[in-house]
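Asks: Here you go, this is model.json (JSON, C-alpha atoms).
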```json
[["chain", "number", "residue", "atom", "x", "y", "z"],
["A", 1, "MET", "CA", 73.58, -103.98, 18.00],
["A", 2, "SER", "CA", 76.48, -106.01, 19.20],
["A", 3, "GLU", "CA", 77.17, -109.54, 18.01],
["A", 4, "PRO", "CA", 76.49, -112.40, 20.41],
["A", 5, "SER", "CA", 79.43, -113.35, 22.54],
["A", 6, "ASP", "CA", 81.01, -116.79, 22.43],
["A", 7, "ARG", "CA", 82.19, -116.47, 26.06],
["A", 8, "GLY", "CA", 79.46, -118.60, 27.66],
["A", 9, "LYS", "CA", 79.77, -121.38, 25.11],
["A", 10, "GLY", "CA", 81.95, -124.43, 25.47],
["A", 11, "TRP", "CA", 84.79, -124.96, 23.01],
["A", 12, "VAL", "CA", 82.74, -127.46, 20.99],
["A", 13, "GLU", "CA", 79.89, -124.99, 20.49],
["A", 14, "GLN", "CA", 82.02, -122.23, 18.99],
["A", 15, "PRO", "CA", 81.50, -122.03, 15.20],
["A", 16, "LYS", "CA", 85.21, -121.92, 14.33],
["A", 17, "ASN", "CA", 85.84, -125.08, 16.36],
["A", 18, "ILE", "CA", 82.87, -126.88, 14.78],
["A", 19, "ASP", "CA", 84.41, -126.23, 11.35],
["A", 20, "ARG", "CA", 87.78, -127.50, 12.60],
["A", 21, "ILE", "CA", 86.22, -130.72, 13.90],
["A", 22, "VAL", "CA", 84.33, -131.34, 10.65],
["A", 23, "TYR", "CA", 87.39, -130.72, 8.46],
["A", 24, "THR", "CA", 89.51, -132.92, 10.72],
["A", 25, "LEU", "CA", 86.99, -135.75, 10.37],
["A", 26, "TYR", "CA", 87.02, -135.29, 6.57],
["A", 27, "ALA", "CA", 90.81, -135.49, 6.57],
["A", 28, "VAL", "CA", 90.85, -138.62, 8.74],
["A", 29, "CYS", "CA", 88.30, -140.31, 6.45],
["A", 30, "ALA", "CA", 90.35, -139.41, 3.36],
["A", 31, "VAL", "CA", 93.58, -140.74, 4.92],
["A", 32, "VAL", "CA", 91.95, -144.01, 5.98],
["A", 33, "PHE", "CA", 90.41, -144.39, 2.51],
["A", 34, "ALA", "CA", 93.82, -143.76, 0.88],
["A", 35, "LEU", "CA", 95.53, -146.25, 3.21],
["A", 36, "ASP", "CA", 93.43, -148.93, 1.56],
["A", 37, "LEU", "CA", 95.92, -148.79, -1.33],
["A", 38, "PHE", "CA", 98.76, -149.96, 0.92],
["A", 39, "VAL", "CA", 97.05, -152.60, 3.04],
["A", 40, "GLU", "CA", 97.34, -156.20, 1.89],
["A", 41, "ARG", "CA", 94.17, -158.06, 2.74],
["A", 42, "HIS", "CA", 93.51, -161.76, 2.58],
["A", 43, "GLU", "CA", 89.77, -161.91, 2.09],
["A", 44, "TYR", "CA", 87.73, -165.02, 1.49],
["A", 45, "LEU", "CA", 85.48, -163.30, -1.06],
["A", 46, "GLY", "CA", 87.14, -161.69, -4.06],
["A", 47, "PHE", "CA", 85.04, -158.53, -4.17],
["A", 48, "ALA", "CA", 86.13, -157.64, -0.63],
["A", 49, "ASN", "CA", 89.61, -156.94, -2.07],
["A", 50, "TRP", "CA", 88.34, -154.11, -4.28],
["A", 51, "PHE", "CA", 89.75, -150.67, -3.50],
["A", 52, "GLY", "CA", 87.53, -148.86, -1.01],
["A", 53, "PHE", "CA", 85.11, -151.76, -0.67],
["A", 54, "TYR", "CA", 84.50, -151.29, 3.06],
["A", 55, "ALA", "CA", 84.06, -147.53, 2.70],
["A", 56, "TRP", "CA", 81.46, -147.98, -0.02],
["A", 57, "TYR", "CA", 79.82, -150.84, 1.84],
["A", 58, "GLY", "CA", 79.47, -148.66, 4.96],
["A", 59, "PHE", "CA", 78.09, -145.74, 2.95],
["A", 60, "VAL", "CA", 75.50, -147.89, 1.18],
["A", 61, "ALA", "CA", 74.52, -149.54, 4.48],
["A", 62, "CYS", "CA", 74.05, -146.14, 6.12],
["A", 63, "VAL", "CA", 71.89, -144.87, 3.26],
["A", 64, "GLY", "CA", 69.90, -148.10, 3.43],
["A", 65, "LEU", "CA", 69.28, -147.60, 7.14],
["A", 66, "VAL", "CA", 67.99, -144.07, 6.55],
["A", 67, "VAL", "CA", 65.64, -145.23, 3.79],
["A", 68, "ALA", "CA", 64.41, -148.13, 5.93],
["A", 69, "ALA", "CA", 63.84, -145.78, 8.88],
["A", 70, "LYS", "CA", 61.73, -143.46, 6.74],
["A", 71, "GLY", "CA", 59.59, -146.38, 5.63],
["A", 72, "LEU", "CA", 59.29, -147.69, 9.17],
["A", 73, "ARG", "CA", 58.25, -144.23, 10.35],
["A", 74, "ARG", "CA", 55.33, -144.23, 7.92],
["A", 75, "LEU", "CA", 54.35, -147.68, 9.13],
["A", 76, "ILE", "CA", 54.34, -147.03, 12.89],
["A", 77, "MET", "CA", 53.79, -143.26, 13.15],
["A", 78, "ARG", "CA", 51.08, -142.18, 15.60],
["A", 79, "SER", "CA", 49.05, -138.99, 15.76],
["A", 80, "GLU", "CA", 50.19, -136.03, 17.84],
["A", 81, "ASP", "CA", 47.65, -136.68, 20.59],
["A", 82, "TYR", "CA", 48.41, -140.41, 20.88],
["A", 83, "TYR", "CA", 49.48, -140.08, 24.51],
["A", 84, "GLU", "CA", 46.51, -137.93, 25.47],
["A", 85, "ASP", "CA", 45.13, -138.34, 29.01],
["A", 86, "THR", "CA", 41.65, -139.37, 27.86],
["A", 87, "PRO", "CA", 41.21, -142.27, 25.45],
["A", 88, "PRO", "CA", 39.76, -141.43, 22.03],
["A", 89, "GLY", "CA", 35.96, -141.53, 21.95],
["A", 90, "HIS", "CA", 35.76, -141.09, 25.75],
["A", 91, "ASP", "CA", 33.75, -138.09, 26.86],
["A", 92, "SER", "CA", 35.37, -136.51, 29.94],
["A", 93, "ARG", "CA", 32.01, -134.96, 30.91],
["A", 94, "GLU", "CA", 30.69, -138.45, 31.78],
["A", 95, "ASP", "CA", 33.24, -138.68, 34.63],
["A", 96, "GLU", "CA", 31.84, -135.54, 36.27],
["A", 97, "ARG", "CA", 28.41, -137.09, 36.85]]
```
Show this structure as structure tokens.
Replies:
Amino acid sequence: MSEPSDRGKGWVEQPKNIDRIVYTLYAVCAVVFALDLFVERHEYLGFANWFGFYAWYGFVACVGLVVAAKGLRRLIMRSEDYYEDTPPGHDSREDER
């Protein structure tokens, strides 16, 4: 058997390019995080001057959003046949009469 060809795929869909994009994003995040050492900030609140504060704040906020979304999903989740044509408890045979 021959391996699948990458000819029909766009450049973003090719596995080697996906890895390059991910590693480039990792490198950009690391550089921006390291630049925090050299930036002089004049914050109103003292804790906002801590090294990497905004990176950690963003990470914690993102995790919080995921946890909140999971809880919200349990709260508002509907059954698979929620958008069914006939309402629940309605017998479609009654319409044929």
Asks: When you count all atoms listed in the file, which of these residues is closest to Ala55 of chain A: A:Ala30, A:Arg74, A:Val67, A:Arg41?
Replies: A:Ala30
Asks: Would you compute the distance between atom CA of Gly64 of chain A and atom CA of Ala48 of chain A? Give it in Å to one decimal.
Replies: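 It comes out at 19.3 Å.
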Asks: If you count only C-alpha atoms, which residues fall within 10 Å of Leu35 of chain A, apart from same-chain ones fewer than 4 positions away, as a PDB file with C-alpha atoms, in the frame of the given file?
Replies:
```pdb
ATOM      1  CA  CYS A  29      88.300-140.310   6.450  1.00  0.00           C
ATOM      2  CA  ALA A  30      90.350-139.410   3.360  1.00  0.00           C
ATOM      3  CA  VAL A  31      93.580-140.740   4.920  1.00  0.00           C
ATOM      4  CA  VAL A  39      97.050-152.600   3.040  1.00  0.00           C
ATOM      5  CA  PHE A  51      89.750-150.670  -3.500  1.00  0.00           C
ATOM      6  CA  GLY A  52      87.530-148.860  -1.010  1.00  0.00           C
TER       7      GLY A  52
END
```
Asks: When you draw a straight line from atom CA of Val60 of chain A to atom CA of Leu45 of chain A, how long is it in Å?
Replies: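 That distance, rounded to one decimal, is 18.5 Å.
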